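S.K.: upload_14.tsv is the file, holding TSV, C-alpha atoms:
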```tsv
chain	number	residue	atom	x	y	z
A	5	MET	CA	189.92	18.56	-58.98
A	6	ASP	CA	193.42	19.41	-57.84
A	7	ILE	CA	194.15	17.66	-54.52
A	8	LYS	CA	195.91	20.72	-53.10
A	9	ASP	CA	192.99	23.00	-53.97
A	10	GLY	CA	190.57	20.47	-52.49
A	11	LEU	CA	192.47	20.30	-49.22
A	12	ILE	CA	192.63	24.10	-49.03
A	13	ASN	CA	188.90	24.30	-49.71
A	14	LEU	CA	188.24	21.69	-47.02
A	15	TRP	CA	190.38	23.59	-44.50
A	16	GLN	CA	188.61	26.86	-45.29
A	17	ASN	CA	185.27	25.23	-44.50
A	18	THR	CA	186.30	24.02	-41.06
A	19	GLY	CA	185.04	25.76	-37.94
A	20	LEU	CA	188.62	26.19	-36.76
A	21	TYR	CA	189.51	28.25	-39.83
A	22	ASN	CA	186.36	30.41	-39.57
A	23	MET	CA	186.42	30.78	-35.79
A	24	ILE	CA	188.48	33.99	-36.03
A	25	SER	CA	187.13	36.52	-38.52
A	26	ALA	CA	189.30	38.55	-40.85
A	27	PRO	CA	189.89	42.22	-39.85
A	28	ASP	CA	187.16	44.61	-41.03
A	29	PRO	CA	188.62	47.78	-42.60
A	30	ASN	CA	185.39	49.65	-41.82
A	31	LEU	CA	185.99	49.29	-38.05
A	32	THR	CA	188.37	51.88	-36.67
A	33	GLY	CA	188.18	51.19	-32.92
A	34	ALA	CA	190.53	48.59	-31.44
A	35	ALA	CA	187.81	47.16	-29.19
A	36	GLU	CA	185.34	46.87	-32.07
A	37	GLN	CA	187.95	45.19	-34.24
A	38	PHE	CA	188.83	42.75	-31.45
A	39	LEU	CA	185.20	41.76	-30.90
A	40	HIS	CA	184.67	41.39	-34.63
A	41	GLN	CA	187.61	39.03	-34.95
A	42	PHE	CA	187.28	37.03	-31.75
A	43	GLY	CA	183.55	37.39	-31.05
A	44	HIS	CA	182.59	33.77	-31.73
A	45	PRO	CA	185.14	32.21	-29.34
A	46	ILE	CA	184.17	34.73	-26.64
A	47	MET	CA	180.47	33.92	-27.00
A	48	LEU	CA	181.15	30.19	-26.90
A	49	VAL	CA	182.90	30.69	-23.56
A	50	ILE	CA	179.98	32.79	-22.27
A	51	CYS	CA	177.48	30.13	-23.34
A	52	LEU	CA	179.53	27.42	-21.62
A	53	PHE	CA	179.45	29.57	-18.47
A	54	LEU	CA	175.64	29.81	-18.72
A	55	LEU	CA	175.51	26.03	-19.10
A	56	TRP	CA	177.62	25.72	-15.96
A	57	LEU	CA	175.24	28.00	-14.06
A	58	GLY	CA	172.23	25.95	-15.15
A	59	ILE	CA	173.75	22.49	-14.57
A	60	LYS	CA	176.09	23.01	-11.63
A	61	LYS	CA	174.38	25.85	-9.76
A	62	GLN	CA	170.80	24.89	-10.77
A	63	TYR	CA	169.93	28.50	-11.70
A	64	GLU	CA	166.70	28.14	-13.72
A	65	PRO	CA	168.12	25.06	-15.51
A	66	LEU	CA	164.94	24.38	-17.50
A	67	LEU	CA	165.52	27.62	-19.40
A	68	LEU	CA	169.18	28.45	-18.92
A	69	VAL	CA	170.38	25.12	-20.35
A	70	PRO	CA	168.46	25.38	-23.68
A	71	ILE	CA	169.25	29.11	-23.95
A	72	ALA	CA	172.97	28.43	-23.50
A	73	PHE	CA	172.90	25.53	-25.95
A	74	GLY	CA	171.03	27.66	-28.49
A	75	GLY	CA	173.75	30.28	-28.04
A	76	ILE	CA	176.42	27.68	-28.83
A	77	LEU	CA	174.58	26.67	-32.00
A	78	SER	CA	174.19	30.30	-33.08
A	79	ASN	CA	177.96	30.91	-32.80
A	80	ILE	CA	179.09	28.02	-34.97
A	81	PRO	CA	181.20	29.78	-37.62
A	82	PHE	CA	180.02	29.24	-41.20
A	83	LEU	CA	181.79	30.43	-44.30
A	84	ASP	CA	178.39	31.42	-45.71
A	85	PRO	CA	176.13	33.11	-43.09
A	86	ALA	CA	173.08	31.88	-45.01
A	87	ASP	CA	173.96	28.33	-43.93
A	88	ALA	CA	173.93	29.23	-40.22
A	89	ILE	CA	171.64	27.24	-37.92
A	90	ALA	CA	170.21	30.48	-36.49
A	91	GLY	CA	169.91	32.12	-39.92
A	92	PRO	CA	166.59	32.79	-41.64
A	93	SER	CA	166.67	29.40	-43.38
A	94	GLY	CA	168.20	27.47	-40.44
A	95	PHE	CA	165.96	25.36	-38.21
A	96	LEU	CA	166.34	27.71	-35.23
A	97	GLY	CA	165.64	30.70	-37.46
A	98	ILE	CA	162.44	29.11	-38.75
A	99	ILE	CA	161.25	28.23	-35.23
A	100	PHE	CA	162.13	31.74	-34.02
A	101	GLU	CA	160.06	33.33	-36.75
A	102	ALA	CA	157.02	31.19	-35.97
A	103	GLY	CA	157.21	31.11	-32.18
A	104	ILE	CA	158.98	34.24	-30.97
A	105	HIS	CA	158.56	36.86	-33.70
A	106	LYS	CA	154.85	36.04	-33.95
A	107	GLY	CA	154.55	35.92	-30.15
A	108	ILE	CA	153.13	32.40	-29.84
A	109	PHE	CA	155.60	30.77	-27.43
A	110	PRO	CA	155.30	33.33	-24.58
A	111	LEU	CA	151.52	33.10	-24.72
A	112	ILE	CA	151.56	29.31	-24.45
A	113	ILE	CA	154.02	29.57	-21.55
A	114	PHE	CA	151.61	31.96	-19.84
A	115	MET	CA	148.80	29.47	-20.38
A	116	GLY	CA	150.82	26.79	-18.60
A	117	VAL	CA	151.78	29.15	-15.78
A	118	GLY	CA	148.10	29.99	-15.32
A	119	ALA	CA	147.28	26.30	-15.05
A	120	MET	CA	149.86	25.97	-12.26
A	121	THR	CA	148.79	29.09	-10.34
A	122	ASP	CA	146.62	29.16	-7.22
A	123	PHE	CA	144.83	32.49	-6.74
A	124	GLY	CA	143.55	31.40	-3.32
A	125	PRO	CA	146.00	33.50	-1.22
A	126	LEU	CA	145.26	36.62	-3.29
A	127	ILE	CA	141.48	36.10	-3.12
A	128	ALA	CA	141.68	35.55	0.66
A	129	ASN	CA	143.61	38.80	1.14
A	130	PRO	CA	142.95	41.08	-1.90
A	131	LYS	CA	145.00	44.01	-0.58
A	132	MET	CA	148.12	41.96	-1.38
A	133	ALA	CA	147.51	43.05	-4.98
A	134	LEU	CA	148.93	46.45	-3.97
A	135	LEU	CA	152.29	44.81	-3.31
A	136	GLY	CA	152.29	43.21	-6.75
A	137	GLY	CA	151.36	46.56	-8.27
A	138	ALA	CA	154.09	48.41	-6.39
A	139	ALA	CA	156.75	46.06	-7.73
A	140	GLN	CA	155.91	47.20	-11.27
A	141	PHE	CA	157.43	50.61	-10.52
A	142	GLY	CA	160.77	49.00	-11.30
A	143	ILE	CA	159.62	48.59	-14.90
A	144	PHE	CA	158.79	52.25	-15.44
A	145	GLY	CA	161.79	53.48	-13.45
A	146	ALA	CA	164.13	51.52	-15.72
A	147	LEU	CA	162.22	52.77	-18.78
A	148	LEU	CA	162.80	56.41	-17.82
A	149	LEU	CA	166.44	55.71	-16.99
A	150	ALA	CA	167.04	53.96	-20.34
A	151	LEU	CA	165.28	56.75	-22.22
A	152	CYS	CA	166.85	59.75	-20.47
A	153	CYS	CA	170.34	58.60	-19.50
A	154	PHE	CA	171.38	55.88	-21.95
A	155	GLY	CA	169.96	57.15	-25.24
A	156	PHE	CA	167.67	54.22	-26.07
A	157	THR	CA	164.59	54.84	-28.18
A	158	LEU	CA	161.17	54.68	-26.51
A	159	PRO	CA	160.36	51.16	-27.81
A	160	GLN	CA	163.80	49.90	-26.76
A	161	ALA	CA	163.45	51.54	-23.32
A	162	GLY	CA	160.05	49.88	-22.87
A	163	ALA	CA	161.49	46.47	-23.76
A	164	ILE	CA	164.38	46.96	-21.32
A	165	GLY	CA	162.10	48.18	-18.54
A	166	ILE	CA	159.98	45.03	-18.58
A	167	ILE	CA	162.98	43.12	-17.17
A	168	GLY	CA	162.02	44.66	-13.82
A	169	GLY	CA	158.94	42.46	-13.71
A	170	ALA	CA	161.18	39.36	-13.43
A	171	ASP	CA	158.94	37.59	-15.93
A	172	GLY	CA	160.81	35.89	-18.78
A	173	PRO	CA	157.88	35.15	-21.13
A	174	THR	CA	156.52	38.69	-20.74
A	175	SER	CA	159.96	40.16	-21.42
A	176	ILE	CA	160.27	38.06	-24.58
A	177	TYR	CA	156.74	38.91	-25.75
A	178	VAL	CA	157.18	42.68	-25.28
A	179	THR	CA	160.69	42.73	-26.77
A	180	SER	CA	159.60	40.75	-29.85
A	181	LYS	CA	156.99	43.43	-30.47
A	182	LEU	CA	158.95	46.56	-29.59
A	183	ALA	CA	162.68	45.88	-30.08
A	184	PRO	CA	163.43	42.45	-31.58
A	185	GLU	CA	167.05	43.45	-32.16
A	186	LEU	CA	167.56	43.43	-28.36
A	187	LEU	CA	165.88	40.07	-27.76
A	188	GLY	CA	168.99	38.03	-26.94
A	189	ALA	CA	170.37	40.45	-24.36
A	190	ILE	CA	167.00	41.14	-22.71
A	191	ALA	CA	166.03	37.46	-22.53
A	192	VAL	CA	169.35	36.48	-20.96
A	193	ALA	CA	169.11	39.39	-18.50
A	194	ALA	CA	165.52	38.57	-17.54
A	195	TYR	CA	166.14	34.86	-16.96
A	196	SER	CA	169.49	35.45	-15.29
A	197	TYR	CA	167.97	37.81	-12.74
A	198	MET	CA	165.04	35.44	-12.22
A	199	ALA	CA	167.53	32.69	-11.48
A	200	LEU	CA	169.43	34.96	-9.09
A	201	VAL	CA	166.36	35.91	-7.02
A	202	PRO	CA	167.75	34.07	-3.93
A	203	VAL	CA	170.98	36.05	-4.27
A	204	ILE	CA	169.70	39.52	-5.21
A	205	GLN	CA	166.59	39.91	-3.07
A	206	PRO	CA	167.63	39.06	0.55
A	207	PRO	CA	170.16	41.91	0.93
A	208	ILE	CA	167.60	44.43	-0.38
A	209	MET	CA	164.86	43.02	1.89
A	210	LYS	CA	167.12	43.25	4.96
A	211	LEU	CA	168.35	46.72	4.05
A	212	PHE	CA	164.88	48.27	4.11
A	213	THR	CA	163.34	46.38	7.05
A	214	SER	CA	164.06	46.37	10.78
A	215	ASP	CA	164.59	43.29	12.91
A	216	LYS	CA	161.18	43.88	14.51
A	217	GLU	CA	159.43	44.09	11.14
A	218	ARG	CA	160.97	40.83	9.93
A	219	LYS	CA	159.51	39.02	12.93
A	220	ILE	CA	155.90	40.13	12.32
A	221	GLN	CA	153.57	37.12	12.28
A	222	MET	CA	150.49	37.31	10.08
A	223	GLU	CA	147.06	35.82	10.66
A	224	GLN	CA	146.11	32.59	8.93
A	225	LEU	CA	144.31	33.11	5.63
A	226	ARG	CA	140.63	32.26	5.33
A	227	PRO	CA	139.53	29.29	3.20
A	228	VAL	CA	138.61	30.17	-0.39
A	229	SER	CA	135.66	28.46	-2.09
A	230	LYS	CA	135.81	26.78	-5.48
A	231	ARG	CA	133.24	29.24	-6.83
A	232	GLU	CA	135.51	32.17	-5.94
A	233	LYS	CA	138.45	30.54	-7.70
A	234	ILE	CA	136.37	29.99	-10.86
A	235	VAL	CA	134.93	33.51	-10.96
A	236	PHE	CA	138.19	35.33	-10.17
A	237	PRO	CA	140.07	34.70	-13.48
A	238	LEU	CA	136.94	35.72	-15.40
A	239	ILE	CA	136.76	39.00	-13.46
A	240	ILE	CA	140.44	39.67	-14.22
A	241	LEU	CA	139.91	38.96	-17.92
A	242	PHE	CA	136.83	41.18	-18.29
A	243	MET	CA	138.53	44.03	-16.43
A	244	CYS	CA	141.39	43.72	-18.91
A	245	ILE	CA	138.99	43.64	-21.87
A	246	LEU	CA	137.29	46.82	-20.71
A	247	LEU	CA	140.33	48.81	-19.54
A	248	LEU	CA	143.44	47.56	-21.38
A	249	PRO	CA	142.77	45.39	-24.46
A	250	SER	CA	146.46	45.44	-25.44
A	251	ALA	CA	147.23	43.21	-22.43
A	252	CYS	CA	144.52	40.67	-23.33
A	253	PRO	CA	146.80	38.20	-25.18
A	254	LEU	CA	148.93	37.64	-22.06
A	255	VAL	CA	146.14	37.99	-19.49
A	256	GLY	CA	143.76	35.91	-21.61
A	257	ALA	CA	146.23	33.02	-21.94
A	258	PHE	CA	147.00	33.20	-18.20
A	259	THR	CA	143.37	33.26	-17.05
A	260	PHE	CA	142.35	30.51	-19.49
A	261	GLY	CA	144.99	28.20	-18.05
A	262	ASN	CA	143.87	29.05	-14.50
A	263	LEU	CA	140.18	28.54	-15.31
A	264	CYS	CA	140.92	25.09	-16.73
A	265	LYS	CA	142.70	24.22	-13.49
A	266	GLU	CA	139.96	25.48	-11.17
A	267	CYS	CA	136.78	24.43	-12.98
A	268	GLY	CA	137.52	20.73	-12.37
A	269	CYS	CA	135.88	19.41	-15.55
A	270	VAL	CA	138.82	19.63	-17.99
A	271	ASP	CA	141.55	18.00	-15.95
A	272	ARG	CA	143.16	16.47	-19.04
A	273	LEU	CA	143.57	19.91	-20.61
A	274	SER	CA	144.91	21.38	-17.38
A	275	ASP	CA	147.36	18.52	-16.94
A	276	THR	CA	148.59	18.91	-20.54
A	277	MET	CA	149.16	22.65	-20.09
A	278	GLN	CA	150.97	22.14	-16.78
A	279	ASN	CA	153.27	19.41	-18.06
A	280	ALA	CA	153.66	18.27	-21.69
A	281	LEU	CA	152.72	21.52	-23.46
A	282	ILE	CA	154.74	23.91	-21.31
A	283	ASN	CA	157.75	21.56	-21.39
A	284	ILE	CA	157.73	21.34	-25.20
A	285	ILE	CA	157.42	25.09	-25.62
A	286	THR	CA	160.12	25.70	-23.01
A	287	ILE	CA	162.55	23.65	-25.10
A	288	PHE	CA	161.83	25.60	-28.28
A	289	LEU	CA	161.68	28.93	-26.45
A	290	GLY	CA	165.07	28.42	-24.81
A	291	LEU	CA	166.79	27.28	-28.01
A	292	THR	CA	165.40	30.09	-30.14
A	293	VAL	CA	166.15	32.78	-27.55
A	294	GLY	CA	169.68	31.40	-27.34
A	295	SER	CA	169.94	31.63	-31.10
A	296	LYS	CA	170.00	35.41	-30.69
A	297	LEU	CA	173.19	35.23	-28.64
A	298	SER	CA	175.37	35.52	-31.69
A	299	ALA	CA	178.54	37.57	-31.25
A	300	GLU	CA	177.33	40.27	-33.65
A	301	GLN	CA	174.16	40.88	-31.63
A	302	PHE	CA	175.33	40.27	-28.06
A	303	LEU	CA	178.88	41.67	-27.77
A	304	THR	CA	177.94	45.34	-27.89
A	305	VAL	CA	177.98	48.30	-25.51
A	306	GLN	CA	174.17	48.20	-25.66
A	307	THR	CA	174.20	44.75	-24.06
A	308	LEU	CA	176.23	46.02	-21.10
A	309	PHE	CA	173.76	48.87	-20.62
A	310	ILE	CA	170.84	46.42	-20.80
A	311	LEU	CA	172.37	44.15	-18.16
A	312	LEU	CA	173.00	47.16	-15.92
A	313	LEU	CA	169.49	48.57	-16.39
A	314	GLY	CA	168.02	45.11	-15.82
A	315	ILE	CA	169.60	44.73	-12.38
A	316	ILE	CA	168.53	48.29	-11.48
A	317	ALA	CA	164.95	47.56	-12.56
A	318	PHE	CA	164.81	44.28	-10.67
A	319	SER	CA	166.35	45.75	-7.50
A	320	PHE	CA	164.00	48.73	-7.55
A	321	ALA	CA	160.99	46.45	-8.07
A	322	THR	CA	162.00	44.41	-5.02
A	323	ALA	CA	162.51	47.54	-2.90
A	324	ALA	CA	159.22	49.09	-4.08
A	325	GLY	CA	157.27	46.05	-2.88
A	326	VAL	CA	158.91	46.26	0.55
A	327	TRP	CA	158.26	50.02	0.76
A	328	MET	CA	154.60	49.51	-0.15
A	329	ALA	CA	154.20	46.94	2.64
A	330	LYS	CA	155.71	49.41	5.13
A	331	LEU	CA	153.36	52.15	3.89
A	332	MET	CA	150.37	49.81	4.26
A	333	ASN	CA	151.47	49.05	7.82
A	334	LEU	CA	151.64	52.76	8.61
A	335	CYS	CA	148.11	53.26	7.30
A	336	GLU	CA	146.92	50.22	9.28
A	337	ILE	CA	148.44	51.56	12.52
A	338	ILE	CA	146.67	54.91	12.03
A	339	ALA	CA	143.36	53.17	11.23
A	340	ALA	CA	143.73	50.90	14.26
A	341	LYS	CA	144.29	53.87	16.57
A	342	VAL	CA	141.21	55.61	15.20
A	343	GLY	CA	139.13	52.44	15.53
A	344	ARG	CA	140.68	51.51	18.88
A	345	ARG	CA	141.68	48.02	17.84
A	346	GLU	CA	144.83	45.98	17.41
A	347	PRO	CA	146.58	46.61	14.05
A	348	ARG	CA	146.79	43.70	11.61
A	349	LEU	CA	150.27	44.24	10.26
A	350	ILE	CA	151.89	42.87	7.12
A	351	ASN	CA	155.38	41.43	7.28
A	352	PRO	CA	157.26	43.70	4.82
A	353	LEU	CA	159.35	40.74	3.66
A	354	ILE	CA	156.45	39.52	1.54
A	355	GLY	CA	156.53	42.78	-0.42
A	356	SER	CA	159.59	41.52	-2.28
A	357	ALA	CA	157.41	38.72	-3.69
A	358	GLY	CA	155.56	41.31	-5.79
A	359	VAL	CA	157.88	40.50	-8.68
A	360	SER	CA	156.42	37.73	-10.82
A	361	ALA	CA	159.14	35.11	-10.35
A	362	VAL	CA	156.62	32.45	-9.23
A	363	PRO	CA	157.05	30.75	-6.77
A	364	MET	CA	160.75	31.48	-6.18
A	365	ALA	CA	160.23	35.01	-4.85
A	366	ALA	CA	157.60	33.75	-2.37
A	367	ARG	CA	159.99	31.04	-1.17
A	368	VAL	CA	162.71	33.63	-0.62
A	369	SER	CA	160.33	35.74	1.51
A	370	ASN	CA	159.46	32.66	3.55
A	371	LYS	CA	163.12	31.66	3.96
A	372	VAL	CA	164.23	35.09	5.17
A	373	GLY	CA	161.26	35.26	7.56
A	374	LEU	CA	162.18	31.91	9.11
A	375	GLU	CA	165.72	33.16	9.72
A	376	TYR	CA	164.35	35.71	12.20
A	377	ASN	CA	161.38	33.76	13.56
A	378	SER	CA	161.38	29.96	13.27
A	379	GLN	CA	157.57	29.92	13.66
A	380	ASN	CA	156.89	32.55	11.02
A	381	TYR	CA	155.67	30.77	7.87
A	382	LEU	CA	155.12	33.42	5.21
A	383	LEU	CA	154.90	31.26	2.08
A	384	MET	CA	151.12	31.35	1.56
A	385	HIS	CA	150.97	35.05	2.46
A	386	ALA	CA	153.77	35.78	-0.03
A	387	MET	CA	151.97	33.90	-2.80
A	388	GLY	CA	149.32	36.65	-2.85
A	389	PRO	CA	151.66	39.41	-4.04
A	390	ASN	CA	153.58	36.86	-6.11
A	391	VAL	CA	150.62	35.90	-8.32
A	392	SER	CA	149.41	39.52	-8.41
A	393	GLY	CA	152.89	40.35	-9.72
A	394	VAL	CA	152.28	38.02	-12.68
A	395	ILE	CA	149.07	39.89	-13.48
A	396	GLY	CA	150.80	43.21	-12.85
A	397	SER	CA	153.64	42.45	-15.26
A	398	ALA	CA	151.13	41.43	-17.94
A	399	VAL	CA	149.22	44.67	-17.41
A	400	ALA	CA	152.47	46.67	-17.50
A	401	ALA	CA	153.31	44.89	-20.77
A	402	GLY	CA	149.96	45.97	-22.21
A	403	ILE	CA	150.62	49.58	-21.17
A	404	LEU	CA	154.07	49.51	-22.76
A	405	LEU	CA	152.72	48.05	-25.98
A	406	ALA	CA	150.03	50.74	-26.10
A	407	LEU	CA	152.47	53.60	-25.34
A	408	CYS	CA	155.64	52.59	-27.18
A	409	LYS	CA	154.52	51.01	-30.45
```
How would this structure read if it were set down as structure tokens?
M.R.:
Amino acid sequence: MDIKDGLINLWQNTGLYNMISAPDPNLTGAAEQFLHQFGHPIMLVICLFLLWLGIKKQYEPLLLVPIAFGGILSNIPFLDPADAIAGPSGFLGIIFEAGIHKGIFPLIIFMGVGAMTDFGPLIANPKMALLGGAAQFGIFGALLLALCCFGFTLPQAGAIGIIGGADGPTSIYVTSKLAPELLGAIAVAAYSYMALVPVIQPPIMKLFTSDKERKIQMEQLRPVSKREKIVFPLIILFMCILLLPSACPLVGAFTFGNLCKECGCVDRLSDTMQNALINIITIFLGLTVGSKLSAEQFLTVQTLFILLLGIIAFSFATAAGVWMAKLMNLCEIIAAKVGRREPRLINPLIGSAGVSAVPMAARVSNKVGLEYNSQNYLLMHAMGPNVSGVIGSAVAAGILLALCK
């Protein structure tokens, strides 16, 4: 082999040589041509920024760090795309096909979340389920907006709308079924907004509540028996079986994990789901979702629209929970006047916990409440709508799968 030819061949196989793509004559727009040529370096910078958010700012680091690292691996420039780590024959591509495309990883994550969930606050005060249900309006509001104003297809609009539930595994599960081509952008949007719950929610909560409402103190919740906690996930599952079978994969995994936690006779299984199993799947889930952050898939106008619609959906979901709490208070005041008794009011701040970012949204409600009343501990009250939001997002996912497929 000629030494000169060998050195040229070696140089052409370096990442530095392939980092900037050759101009594509089929692209006429200057912006499109720029992204085509410099897309990989831009995405590497974005992924490094996501790493910084996860490591330095501690924004959902357990997911943001592997997602960002998977994005770095997916943007390594190869002369032959078939050799890419995120390609169909690459190790991330193989894991993606098995775990994400087939929908296994989100279900296992839901199983672990169920094993870590306490339904006690919701059982003690069942009307809190209305707050979790109200928060799901953000999903369908974003769906209509994506469909009518941004030109997305119905399956794509359904996948984008689910971001409003602030539930990463559900977003991934629905998107893998309805619009897998949007998976990278939707996953990053969903987990980014989940991580930014302490930043996004407080201004919205304060905007729609008065100083007097924020200081409302709620009665202590009643104790919940072990029998109630065992029966409750079974009731949820059978209601889902009878009314919305398309949501059974998510709801079934969630309730199975919770039943293992509450029954008290399979502690080893519950401990595995809460720790080892969910940690392993989180690693693979993050890396494979990040593998869809390639420049070709992420640096598009569609991605900007998805990020915009995601923040609209999440903001509207937060506001809808607060509005529902205010409406419930109005009904309670009227009922109390008719019955000549003192009204038992809900602090509207806990309505924002209707999104299914467990337990972060509940902690935010508690934190904002303490700012206005140092004796007002809302955490356990907020956990009711918070866990009902998890169920609500799974039910909304089932509706979307039934309507949009």
S.K.: Considering only C-alpha atoms, state which residue in the set A:Ile50, A:Leu374, A:Ile76, A:Met332 is at the smallest distance from Met132 (chain A).
M.R.: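 With only C-alpha atoms as the atom set, the closest residue is A:Met332.
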S.K.: Using all atoms listed in the file, which of the listed residues (A:Ile167, A:Asn279, A:Cys267, A:Gly74) sits closest to Thr179 (chain A)?
M.R.: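 Looking at the shortest contact to Thr179 (chain A), the residue is A:Ile167.
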S.K.: Using only C-alpha atoms, find each residue of region 254-346 of chain A with at least one atom at most 7 Å away from an atom of region 114-121 of chain A; report its shortest atom-to-atom pair and that distance in Å (one decimal), sort the rows by chain and rising residue number, and return the result as a Markdown table.
M.R.:
```
| residue | atom | partner | partner_atom | distance |
| --- | --- | --- | --- | --- |
| A:Leu254 | CA | A:Phe114 | CA | 6.7 |
| A:Ala257 | CA | A:Met115 | CA | 4.7 |
| A:Phe258 | CA | A:Gly118 | CA | 4.5 |
| A:Thr259 | CA | A:Gly118 | CA | 6.0 |
| A:Phe260 | CA | A:Met115 | CA | 6.6 |
| A:Gly261 | CA | A:Ala119 | CA | 4.2 |
| A:Asn262 | CA | A:Gly118 | CA | 4.4 |
| A:Cys264 | CA | A:Ala119 | CA | 6.7 |
| A:Lys265 | CA | A:Ala119 | CA | 5.3 |
| A:Ser274 | CA | A:Ala119 | CA | 5.9 |
| A:Met277 | CA | A:Gly116 | CA | 4.7 |
| A:Gln278 | CA | A:Gly116 | CA | 5.0 |
| A:Ile282 | CA | A:Gly116 | CA | 5.6 |
```
S.K.: Here's a test: counting all atoms listed in the file, identify every protein, DNA and RNA residue with an atom at most 10 Å from (142.7, 34.0, 4.8) in the file's coordinate frame, and state them as an MDAnalysis selection string.
M.R.: chainID A and resid 124:130 222:228 384:385
S.K.: With all atoms listed in the file as the atoms that count, which of A:Ala329, A:Ala299, A:Ala133, A:Val255 lies nearest to Val391 (chain A)?
M.R.: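 Ranking A:Ala329, A:Ala299, A:Ala133, A:Val255 by distance to Val391 (chain A), first place goes to A:Ala133.
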S.K.: For Gly145 (chain A), which of A:Trp327, A:Phe242, A:Tyr376, A:Phe318 is the closest residue, counting all atoms listed in the file?
M.R.: A:Phe318
S.K.: For CA of Lys219 (chain A) and CA of Asn377 (chain A), determine how far apart the two atoms are, in Å to one decimal place.
M.R.: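 If I compute the distance from CA of Lys219 (chain A) to CA of Asn377 (chain A), I get 5.6 Å.
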S.K.: Between CA of Thr286 (chain A) and CA of Gly172 (chain A), what is the distance, to one decimal in Å?
M.R.: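 It comes out at 11.1 Å.
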S.K.: Can you tell me how far CA of Gly94 (chain A) sits from CA of Gln301 (chain A), in Å to one decimal?
M.R.: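 Distance between the two atoms: 17.1 Å.
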S.K.: Contacts between region 192-204 of chain A and region 304-330 of chain A, please, where a residue of region 304-330 of chain A counts if it comes within 12 Å (with only C-alpha atoms); show its shortest atom pair and distance in Å to one decimal, rows by chain and ascending number, as CSV.
M.R.:
```
residue,atom,partner,partner_atom,distance
A:Thr307,CA,A:Ala193,CA,9.2
A:Leu308,CA,A:Ala193,CA,10.1
A:Phe309,CA,A:Ala193,CA,10.8
A:Ile310,CA,A:Ala193,CA,7.6
A:Leu311,CA,A:Ala193,CA,5.8
A:Leu312,CA,A:Ala193,CA,9.1
A:Leu313,CA,A:Ala193,CA,9.4
A:Gly314,CA,A:Ala193,CA,6.4
A:Ile315,CA,A:Tyr197,CA,7.1
A:Ile316,CA,A:Tyr197,CA,10.6
A:Ala317,CA,A:Tyr197,CA,10.2
A:Phe318,CA,A:Tyr197,CA,7.5
A:Ser319,CA,A:Ile204,CA,7.4
A:Phe320,CA,A:Ile204,CA,11.1
A:Ala321,CA,A:Ile204,CA,11.5
A:Thr322,CA,A:Ile204,CA,9.1
A:Ala323,CA,A:Ile204,CA,11.0
```
S.K.: Quick one: residues within 8 Å of region 355-364 of chain A, only C-alpha atoms, excluding same-chain residues fewer than 2 positions away - as an NGL selection string?
M.R.: :A and (135-140 or 168-171 or 198 or 201-202 or 205 or 209 or 321-329 or 351-353 or 366-369 or 386-387 or 389-394 or 397)
